[in-house]
Amino acid sequence: MEQMTLSELKKKSIEIRKQVLKMIYTAKSGHTGGSLSSVDILVTLFYRIMNLERGEESDKFVLSKGHSVEGYYAILADIGYLSKDELERYCQFGSILIGHPTNKVKGIDINTGALGHGLSVGAGMALAGKRKGRNYRVFVLMGDGELAEGSVWEAAMFAANYKLDNLVAIIDRNRLQISGNTEEVMKLEPLRQKWEAFGWKVFEVDGHNYEELIEILTKIPVEKDKPHLIIANTIKGKGVSFIENKAQWHHKVPSDEEFTKAIEELDLQLQEVERLESK
Amino acid sequence: MSQNKACRVAFSEALLEEAKKDKDIIVVTTDARGSASVDNFARELPEQFVEVGIAEQNAVGVAAGLSICGFKPFVCGPACFLSARSFEQVKVDVAYSKTNVKIIGVSGGVSYGPLGGTHHALHDIAAFRAVPNMTVILPSDANLAKAIARTLVNHRGPVYVRMGRNPVPVVYSEEPHFEIGKANVLLEGDDIAIIACGEVVKNAFDAALLLKEKGIYAKVVDMHTLKPIDEELIIEIAKKYKVIFTVEEHNINGGLGDAVAGFLAKYSPKEVIKIALPDEDMITGSQFEIYDYYGLSAEKIANRVLSELERR
């Protein structure tokens with residue numbers, strides 16, 4: 001697969017955002033805010049960073065914040081792992097596409113949705129890579145609210161203990177969870193220092209900036225024998241002005257009017273990227 | 001093997017033998033290498049051994065990850081913790097995801113005796129029976145434990161095995177035939193049927209011998225697989241016997257007795273008399289004192305059968 005340019009990645013992310021909204025709007029169910037905040041991270045991983053076609057050496061991905069499934073399914077459908085027809089049936093009666101990742105879909109190895117599980121599973125995959133001498137990397141995307149789960153820290157301790165430098169955890173740091181601001185619900189800061197104290201190499205990036213995401217994700221591991229963490233600062237609901245930074249959009253479903261307006265906004269963004277491209 | 005031997009010791013011996021031939025077999029433990037008798041395994045096959053520390057949730061998640069990448073993980077630790085603390089990881093990362101992970105709960109039931117309720121596992125059959133895709137197995141002695149280990153290394157899918165801690169008398173003089181979901185009939189008899197599971201199978205068998213002296217002939221079944229349960233055999237028993245007794249080291253709710261009674265209720269309502277542990281905190285005592293106190297020793301089982309029959 002030829003590498004996508006920055007402008008192509010941006011266009012792809014807008015298409016995926018539109019698809020996410022369409023899925024949630026059609027199903028009348030889904031997690032709007034967190035799905036939109038993680039789209040750029042997912043697009044970077046799937047279209048630029050991970051190699052998924054190397055058999056046993058293929059990179060691995062775990063969506064620990066399983067509720068942000070819409071973007072994940074939309075990307076898997078776009079890269080041909082899932083039929084577009086099935087995508088249309090998201091959360092409909094009898095569909096394989098439930099509202100959290102299911103390993104009935106190619107490209108999904110583990111069912112997630114209960115928070116605090118993904119990092120352990122990813123650490124197990126990374127350890128398997130070490131023990132079997134395989135040259136893949138494992139990427140785990142977590143939510144920030146999820147970090148209150150104690151099991152995350154069990155896994156953090158484990159990954160450092162086993163020197164899993166083939167493990168990359170990414171936190172979608174949008175600072176909002178269902179009840180409000182993460183720092184008010186359960187204080188996470190100083191987040192960087194916590195992970196460093198657990199033995200991780202930590203980076204902080206703008207989770208919507210492709211240059212930053214690509215740069216760091218390409219060069220990891222930068223420190224041998226250490227698991228790596230990226231705190232990706234994001235905006236919950238990113239891409240739609242009236243959804244951005246509002247906790248109530250955690251799993252709110254857009255109305256007819258809101259849906260039309262959101263798609264219009266995204267179409268304008270698409271036109272803007274195309275305009276800049278043609279310059 | 002005819003001496004008393006702990007199931008956990010026999011299981012891990014067989015697992016080690018198999019793991020020497022199959023490099024994908026990997027043991028994950030939670031600072032429980034002594035409890036789970038996997039010390040030798042850790043020493044002999046360090047590359048097939050993962051110490052997670054006292055972190056059951058992580059242990060099960062890590063095992064799921066290992067299985068996705070080609071390993072055959074056996075998570076070995078105390079049943080009380082693996083069936084409770086990490087229940088969600090077993091439910092989601094193992095059963096729901098259908099990963100090839102075996103949860104090996106040792107020192108289950110009331111094995112830890114006087115250590116009390118924190119260390120007893122008397123809910124595990126009920127809990128795991130209600131989780132789709134799980135298989136639930138309880139060996140009755142060390143020989144069966146070995147046979148189970150050898151079968152499981154080549155069986156793909158989620159399984160929970162519960163064993164005890166203490167040396168127990170043999171039920172089988174050698175490694176018996178073992179097939180998941182196919183119960184073993186230990187004794188034939190025409191008067192009553194006793195279906196038992198786990199380490200009280202031997203007590204049920206001995207109770208049958210005591211009953212024989214009184215002229216009552218019991219059929220005794222080792223229902224080693226609680227899920228999928230041997231429905232065919234239960235139907236066969238229900239057709240022949242008026243009264244069925246179940247014997248188990250488990251809370252009276254949700255275990256073998258309920259599995260048998262619940263299944264029979266769908267077909268031919270029969271009287272099933274459940275002999276199990278009451279739904280209350282256990283009295284302080286050793287495993288065997290607890291058995292006796294609550295009616296799970298051979299004598300108490302025999303007496304219970306007699307009094308139930310007298311009532312009729």
# chains A, B, ... in the order shown; residues from 1 in each chain; ligands from 1
$ select_by_dssp --residues "stretch 43-212 of chain A" --states "strand (DSSP E)" --output "list of chain:residue names"
A:Lys60, A:Phe61, A:Val62, A:Leu63, A:Val138, A:Phe139, A:Val140, A:Leu141, A:Met142, A:Gly143, A:Leu167, A:Val168, A:Ala169, A:Ile170, A:Ile171, A:Asp172, A:Arg173, A:Leu176, A:Gln177, A:Gly180, A:Asn181, A:Lys201, A:Val202, A:Phe203, A:Glu204, A:Val205, A:Asp206
$ interface_residues --of "chain B" --to "chain A" --cutoff "7 Å" --atoms "only C-alpha atoms" --output "number ranges by chain"
B: 52, 55, 57-58, 61-66, 68-69, 92-93, 97
$ write_last_selection --atoms "N, CA, C and O atoms" --output "mmCIF file, in the first residue's frame"
data_model
loop_
_atom_site.group_PDB
_atom_site.id
_atom_site.type_symbol
_atom_site.label_atom_id
_atom_site.label_comp_id
_atom_site.auth_asym_id
_atom_site.auth_seq_id
_atom_site.Cartn_x
_atom_site.Cartn_y
_atom_site.Cartn_z
ATOM 1 N N VAL B 52 3.155 -13.232 37.054
ATOM 2 C CA VAL B 52 2.457 -11.952 36.926
ATOM 3 C C VAL B 52 2.411 -11.202 38.261
ATOM 4 O O VAL B 52 2.111 -10.016 38.316
ATOM 5 N N ALA B 55 -1.866 -10.427 40.847
ATOM 6 C CA ALA B 55 -2.648 -9.577 39.956
ATOM 7 C C ALA B 55 -3.474 -10.475 39.029
ATOM 8 O O ALA B 55 -3.117 -10.693 37.879
ATOM 9 N N GLN B 57 -6.420 -10.157 37.646
ATOM 10 C CA GLN B 57 -7.055 -9.557 36.468
ATOM 11 C C GLN B 57 -6.057 -9.490 35.320
ATOM 12 O O GLN B 57 -6.351 -9.856 34.190
ATOM 13 N N ASN B 58 -4.866 -8.999 35.638
ATOM 14 C CA ASN B 58 -3.832 -8.888 34.616
ATOM 15 C C ASN B 58 -3.418 -10.266 34.101
ATOM 16 O O ASN B 58 -3.197 -10.446 32.903
ATOM 17 N N GLY B 61 -5.913 -11.399 31.500
ATOM 18 C CA GLY B 61 -5.792 -10.581 30.288
ATOM 19 C C GLY B 61 -4.526 -10.908 29.506
ATOM 20 O O GLY B 61 -4.552 -11.064 28.283
ATOM 21 N N VAL B 62 -3.418 -11.025 30.217
ATOM 22 C CA VAL B 62 -2.146 -11.374 29.582
ATOM 23 C C VAL B 62 -2.263 -12.737 28.891
ATOM 24 O O VAL B 62 -1.818 -12.926 27.753
ATOM 25 N N ALA B 63 -2.913 -13.681 29.577
ATOM 26 C CA ALA B 63 -3.087 -15.014 28.998
ATOM 27 C C ALA B 63 -3.897 -14.939 27.698
ATOM 28 O O ALA B 63 -3.570 -15.596 26.709
ATOM 29 N N ALA B 64 -4.922 -14.105 27.700
ATOM 30 C CA ALA B 64 -5.726 -13.946 26.481
ATOM 31 C C ALA B 64 -4.841 -13.420 25.349
ATOM 32 O O ALA B 64 -4.899 -13.907 24.215
ATOM 33 N N GLY B 65 -4.004 -12.439 25.664
ATOM 34 C CA GLY B 65 -3.092 -11.884 24.659
ATOM 35 C C GLY B 65 -2.107 -12.930 24.156
ATOM 36 O O GLY B 65 -1.845 -13.035 22.954
ATOM 37 N N LEU B 66 -1.573 -13.730 25.067
ATOM 38 C CA LEU B 66 -0.640 -14.796 24.674
ATOM 39 C C LEU B 66 -1.325 -15.794 23.743
ATOM 40 O O LEU B 66 -0.745 -16.259 22.765
ATOM 41 N N ILE B 68 -3.858 -15.279 21.728
ATOM 42 C CA ILE B 68 -4.115 -14.684 20.405
ATOM 43 C C ILE B 68 -2.876 -14.827 19.521
ATOM 44 O O ILE B 68 -2.976 -14.996 18.317
ATOM 45 N N CYS B 69 -1.712 -14.801 20.152
ATOM 46 C CA CYS B 69 -0.460 -14.883 19.386
ATOM 47 C C CYS B 69 0.140 -16.292 19.406
ATOM 48 O O CYS B 69 1.361 -16.456 19.280
ATOM 49 N N VAL B 92 -14.958 -11.861 29.751
ATOM 50 C CA VAL B 92 -14.805 -11.085 28.520
ATOM 51 C C VAL B 92 -13.608 -11.536 27.671
ATOM 52 O O VAL B 92 -13.756 -11.845 26.489
ATOM 53 N N ASP B 93 -12.422 -11.552 28.295
ATOM 54 C CA ASP B 93 -11.197 -11.801 27.516
ATOM 55 C C ASP B 93 -11.067 -13.278 27.129
ATOM 56 O O ASP B 93 -10.365 -13.606 26.175
ATOM 57 N N SER B 97 -14.605 -13.825 24.216
ATOM 58 C CA SER B 97 -13.705 -13.712 23.066
ATOM 59 C C SER B 97 -13.283 -15.077 22.539
ATOM 60 O O SER B 97 -12.563 -15.156 21.549
#
$ residues_around --residues "stretch 213-222 of chain B" --least-positions-apart "5" --cutoff "7 Å" --atoms "only C-alpha atoms" --output "number ranges by chain"
B: 183-197, 201, 205, 208
$ closest_residue --among "B:Phe71, B:Lys227, B:Ala145, B:Glu236" --to "B:Leu15" --atoms "only C-alpha atoms"
B:Ala145
$ residues_around --residues "A:Thr44" --least-positions-apart "5" --cutoff "8 Å" --atoms "only C-alpha atoms" --output "number ranges by chain"
A: 9, 49, 210, 213-214
$ write_last_selection --atoms "all heavy atoms" --output "compact mmCIF listing (two decimals), in the first residue's frame"
# COMPACT_ATOMS: atom_id res chain seq x y z
N LEU A 9 -4.56 11.81 4.48
CA LEU A 9 -4.95 11.34 5.82
C LEU A 9 -6.04 12.23 6.39
O LEU A 9 -7.00 11.76 7.00
CB LEU A 9 -3.74 11.33 6.77
CG LEU A 9 -2.68 10.24 6.52
CD1 LEU A 9 -1.43 10.51 7.35
CD2 LEU A 9 -3.23 8.86 6.85
N ILE A 49 0.88 3.75 9.99
CA ILE A 49 1.87 3.17 10.90
C ILE A 49 1.90 1.65 10.90
O ILE A 49 2.96 1.04 10.76
CB ILE A 49 1.62 3.68 12.35
CG1 ILE A 49 1.78 5.20 12.42
CG2 ILE A 49 2.54 2.98 13.35
CD1 ILE A 49 3.17 5.73 12.08
N TYR A 210 -1.34 15.20 12.63
CA TYR A 210 -0.77 14.04 11.94
C TYR A 210 0.76 14.05 11.94
O TYR A 210 1.38 13.00 12.07
CB TYR A 210 -1.33 13.93 10.52
CG TYR A 210 -2.73 13.39 10.54
CD1 TYR A 210 -3.83 14.24 10.52
CD2 TYR A 210 -2.96 12.02 10.62
CE1 TYR A 210 -5.12 13.73 10.58
CE2 TYR A 210 -4.24 11.51 10.68
CZ TYR A 210 -5.33 12.37 10.66
OH TYR A 210 -6.58 11.87 10.74
N LEU A 213 1.85 12.86 15.40
CA LEU A 213 1.52 11.45 15.62
C LEU A 213 2.43 10.54 14.80
O LEU A 213 2.99 9.56 15.31
CB LEU A 213 0.06 11.17 15.25
CG LEU A 213 -1.02 11.64 16.24
CD1 LEU A 213 -2.40 11.59 15.60
CD2 LEU A 213 -1.00 10.79 17.51
N ILE A 214 2.61 10.88 13.53
CA ILE A 214 3.43 10.04 12.65
C ILE A 214 4.88 10.03 13.12
O ILE A 214 5.52 8.98 13.19
CB ILE A 214 3.35 10.53 11.18
CG1 ILE A 214 1.95 10.27 10.63
CG2 ILE A 214 4.41 9.84 10.31
CD1 ILE A 214 1.65 10.96 9.32
$ atom_distance --atom1 "atom CA of A:Gly99" --atom2 "atom CA of B:Pro132"
18.7 Å
$ residues_around --residues "stretch 73-80 of chain B" --least-positions-apart "6" --cutoff "6 Å" --atoms "only C-alpha atoms" --output "list in words"
Ile25, Ile26, Val27, Val28, Thr29, Ala32, Ala36, Ala63, Val101, Lys102, Ile103, Ile104, Gly105, Val106, Ser107, Gly108, His119, His120 and Ala121 of chain B
$ select_by_dssp --residues "stretch 131-193 of chain B" --states "alpha helix (DSSP H)" --output "PyMOL selection string"
chain B and resi 142-152
$ closest_residue --among "B:Tyr112, B:Phe128, B:Tyr96, B:Phe245" --to "B:Ile290" --atoms "only C-alpha atoms"
B:Tyr112
$ residues_around --residues "A:Glu88" --least-positions-apart "5" --cutoff "10 Å" --atoms "only C-alpha atoms" --output "list in words"
Gln19, Lys22, Met23, Thr26, Ala27, Ala74, Ser83, Ser95 and Leu97 of chain A
$ write_last_selection --atoms "all heavy atoms" --output "PDB file, in the first residue's frame"
ATOM      1  N   GLN A  19     -18.775   8.911   8.485  1.00  0.00           N
ATOM      2  CA  GLN A  19     -19.274   7.529   8.604  1.00  0.00           C
ATOM      3  C   GLN A  19     -19.672   7.218  10.051  1.00  0.00           C
ATOM      4  O   GLN A  19     -20.705   6.600  10.305  1.00  0.00           O
ATOM      5  CB  GLN A  19     -18.191   6.557   8.123  1.00  0.00           C
ATOM      6  CG  GLN A  19     -18.608   5.113   8.073  1.00  0.00           C
ATOM      7  CD  GLN A  19     -19.710   4.842   7.071  1.00  0.00           C
ATOM      8  OE1 GLN A  19     -19.630   5.244   5.908  1.00  0.00           O
ATOM      9  NE2 GLN A  19     -20.770   4.187   7.505  1.00  0.00           N
ATOM     10  N   LYS A  22     -22.907   8.833  10.759  1.00  0.00           N
ATOM     11  CA  LYS A  22     -23.980   8.144  10.031  1.00  0.00           C
ATOM     12  C   LYS A  22     -24.367   6.851  10.755  1.00  0.00           C
ATOM     13  O   LYS A  22     -25.551   6.528  10.915  1.00  0.00           O
ATOM     14  CB  LYS A  22     -23.482   7.825   8.612  1.00  0.00           C
ATOM     15  CG  LYS A  22     -24.569   7.392   7.673  1.00  0.00           C
ATOM     16  CD  LYS A  22     -24.004   7.178   6.264  1.00  0.00           C
ATOM     17  CE  LYS A  22     -24.849   6.144   5.544  1.00  0.00           C
ATOM     18  NZ  LYS A  22     -24.123   5.462   4.482  1.00  0.00           N
ATOM     19  N   MET A  23     -23.365   6.119  11.217  1.00  0.00           N
ATOM     20  CA  MET A  23     -23.627   4.856  11.922  1.00  0.00           C
ATOM     21  C   MET A  23     -24.425   5.109  13.199  1.00  0.00           C
ATOM     22  O   MET A  23     -25.393   4.418  13.490  1.00  0.00           O
ATOM     23  CB  MET A  23     -22.297   4.167  12.276  1.00  0.00           C
ATOM     24  CG  MET A  23     -21.588   3.553  11.088  1.00  0.00           C
ATOM     25  SD  MET A  23     -19.854   3.160  11.476  1.00  0.00           S
ATOM     26  CE  MET A  23     -20.064   1.718  12.527  1.00  0.00           C
ATOM     27  N   THR A  26     -27.973   6.321  12.357  1.00  0.00           N
ATOM     28  CA  THR A  26     -28.834   5.243  11.836  1.00  0.00           C
ATOM     29  C   THR A  26     -29.197   4.246  12.931  1.00  0.00           C
ATOM     30  O   THR A  26     -30.346   3.831  13.053  1.00  0.00           O
ATOM     31  CB  THR A  26     -28.108   4.489  10.685  1.00  0.00           C
ATOM     32  OG1 THR A  26     -27.620   5.449   9.764  1.00  0.00           O
ATOM     33  CG2 THR A  26     -29.036   3.529   9.976  1.00  0.00           C
ATOM     34  N   ALA A  27     -28.204   3.870  13.733  1.00  0.00           N
ATOM     35  CA  ALA A  27     -28.444   2.871  14.780  1.00  0.00           C
ATOM     36  C   ALA A  27     -29.193   3.462  15.962  1.00  0.00           C
ATOM     37  O   ALA A  27     -29.755   2.732  16.772  1.00  0.00           O
ATOM     38  CB  ALA A  27     -27.116   2.287  15.244  1.00  0.00           C
ATOM     39  N   ALA A  74     -15.563   1.515  10.944  1.00  0.00           N
ATOM     40  CA  ALA A  74     -15.589   2.271   9.680  1.00  0.00           C
ATOM     41  C   ALA A  74     -14.263   2.094   8.936  1.00  0.00           C
ATOM     42  O   ALA A  74     -14.239   1.908   7.716  1.00  0.00           O
ATOM     43  CB  ALA A  74     -15.853   3.747   9.957  1.00  0.00           C
ATOM     44  N   SER A  83     -17.551  -5.949   5.333  1.00  0.00           N
ATOM     45  CA  SER A  83     -18.326  -5.492   4.175  1.00  0.00           C
ATOM     46  C   SER A  83     -19.071  -4.197   4.501  1.00  0.00           C
ATOM     47  O   SER A  83     -19.493  -3.969   5.631  1.00  0.00           O
ATOM     48  CB  SER A  83     -19.307  -6.577   3.723  1.00  0.00           C
ATOM     49  OG  SER A  83     -20.480  -6.522   4.493  1.00  0.00           O
ATOM     50  N   SER A  95     -27.271  -8.250  13.591  1.00  0.00           N
ATOM     51  CA  SER A  95     -25.986  -7.884  12.972  1.00  0.00           C
ATOM     52  C   SER A  95     -24.824  -8.430  13.804  1.00  0.00           C
ATOM     53  O   SER A  95     -24.937  -8.545  15.027  1.00  0.00           O
ATOM     54  CB  SER A  95     -25.874  -6.360  12.883  1.00  0.00           C
ATOM     55  OG  SER A  95     -24.556  -5.984  12.530  1.00  0.00           O
ATOM     56  N   LEU A  97     -22.231  -6.764  14.061  1.00  0.00           N
ATOM     57  CA  LEU A  97     -21.602  -5.543  14.580  1.00  0.00           C
ATOM     58  C   LEU A  97     -22.345  -5.000  15.801  1.00  0.00           C
ATOM     59  O   LEU A  97     -23.228  -4.155  15.698  1.00  0.00           O
ATOM     60  CB  LEU A  97     -21.522  -4.476  13.487  1.00  0.00           C
ATOM     61  CG  LEU A  97     -20.688  -4.836  12.266  1.00  0.00           C
ATOM     62  CD1 LEU A  97     -20.549  -3.631  11.349  1.00  0.00           C
ATOM     63  CD2 LEU A  97     -19.309  -5.355  12.670  1.00  0.00           C
TER      64      LEU A  97
END
$ closest_atom_pairs --of "stretch 9-75 of chain A" --to "stretch 247-269 of chain A" --cutoff "8 Å" --atoms "only C-alpha atoms" --output "JSON lines"
{"residue": "A:Ile14", "atom": "CA", "partner": "A:Leu266", "partner_atom": "CA", "distance": 6.3}
{"residue": "A:Arg17", "atom": "CA", "partner": "A:Leu266", "partner_atom": "CA", "distance": 7.8}
{"residue": "A:Lys18", "atom": "CA", "partner": "A:Ile263", "partner_atom": "CA", "distance": 6.2}
{"residue": "A:Leu21", "atom": "CA", "partner": "A:Phe259", "partner_atom": "CA", "distance": 7.2}
{"residue": "A:Lys22", "atom": "CA", "partner": "A:Phe259", "partner_atom": "CA", "distance": 7.8}
{"residue": "A:Ile24", "atom": "CA", "partner": "A:Val253", "partner_atom": "CA", "distance": 6.4}
{"residue": "A:Tyr25", "atom": "CA", "partner": "A:Pro254", "partner_atom": "CA", "distance": 6.0}
{"residue": "A:Lys28", "atom": "CA", "partner": "A:Val253", "partner_atom": "CA", "distance": 5.9}
{"residue": "A:Ser29", "atom": "CA", "partner": "A:Val253", "partner_atom": "CA", "distance": 6.2}
{"residue": "A:Gly30", "atom": "CA", "partner": "A:His251", "partner_atom": "CA", "distance": 5.6}
{"residue": "A:His31", "atom": "CA", "partner": "A:His251", "partner_atom": "CA", "distance": 4.1}
{"residue": "A:Thr32", "atom": "CA", "partner": "A:His251", "partner_atom": "CA", "distance": 5.4}
{"residue": "A:Gly33", "atom": "CA", "partner": "A:His250", "partner_atom": "CA", "distance": 4.8}
{"residue": "A:Gly34", "atom": "CA", "partner": "A:His250", "partner_atom": "CA", "distance": 6.5}
$ residues_around --residues "A:Lys11" --least-positions-apart "6" --cutoff "9 Å" --atoms "only C-alpha atoms" --output "ChimeraX atom specification"
/A:269-270,273-274
$ write_last_selection --atoms "N, CA and C atoms" --output "PDB file, in the first residue's frame"
ATOM      1  N   GLN A 269     -15.199  21.123   5.739  1.00  0.00           N
ATOM      2  CA  GLN A 269     -13.789  20.847   6.076  1.00  0.00           C
ATOM      3  C   GLN A 269     -13.108  20.095   4.936  1.00  0.00           C
ATOM      4  N   LEU A 270     -13.863  19.191   4.335  1.00  0.00           N
ATOM      5  CA  LEU A 270     -13.337  18.419   3.225  1.00  0.00           C
ATOM      6  C   LEU A 270     -12.997  19.342   2.046  1.00  0.00           C
ATOM      7  N   VAL A 273      -9.783  21.211   2.748  1.00  0.00           N
ATOM      8  CA  VAL A 273      -8.566  20.413   2.518  1.00  0.00           C
ATOM      9  C   VAL A 273      -8.301  20.307   1.025  1.00  0.00           C
ATOM     10  N   GLU A 274      -9.364  20.094   0.238  1.00  0.00           N
ATOM     11  CA  GLU A 274      -9.198  19.982  -1.221  1.00  0.00           C
ATOM     12  C   GLU A 274      -8.729  21.295  -1.828  1.00  0.00           C
TER      13      GLU A 274
END
$ closest_residue --among "A:Asp206, A:Glu53, A:Asp59, A:Glu2" --to "A:Val138" --atoms "only C-alpha atoms"
A:Asp59
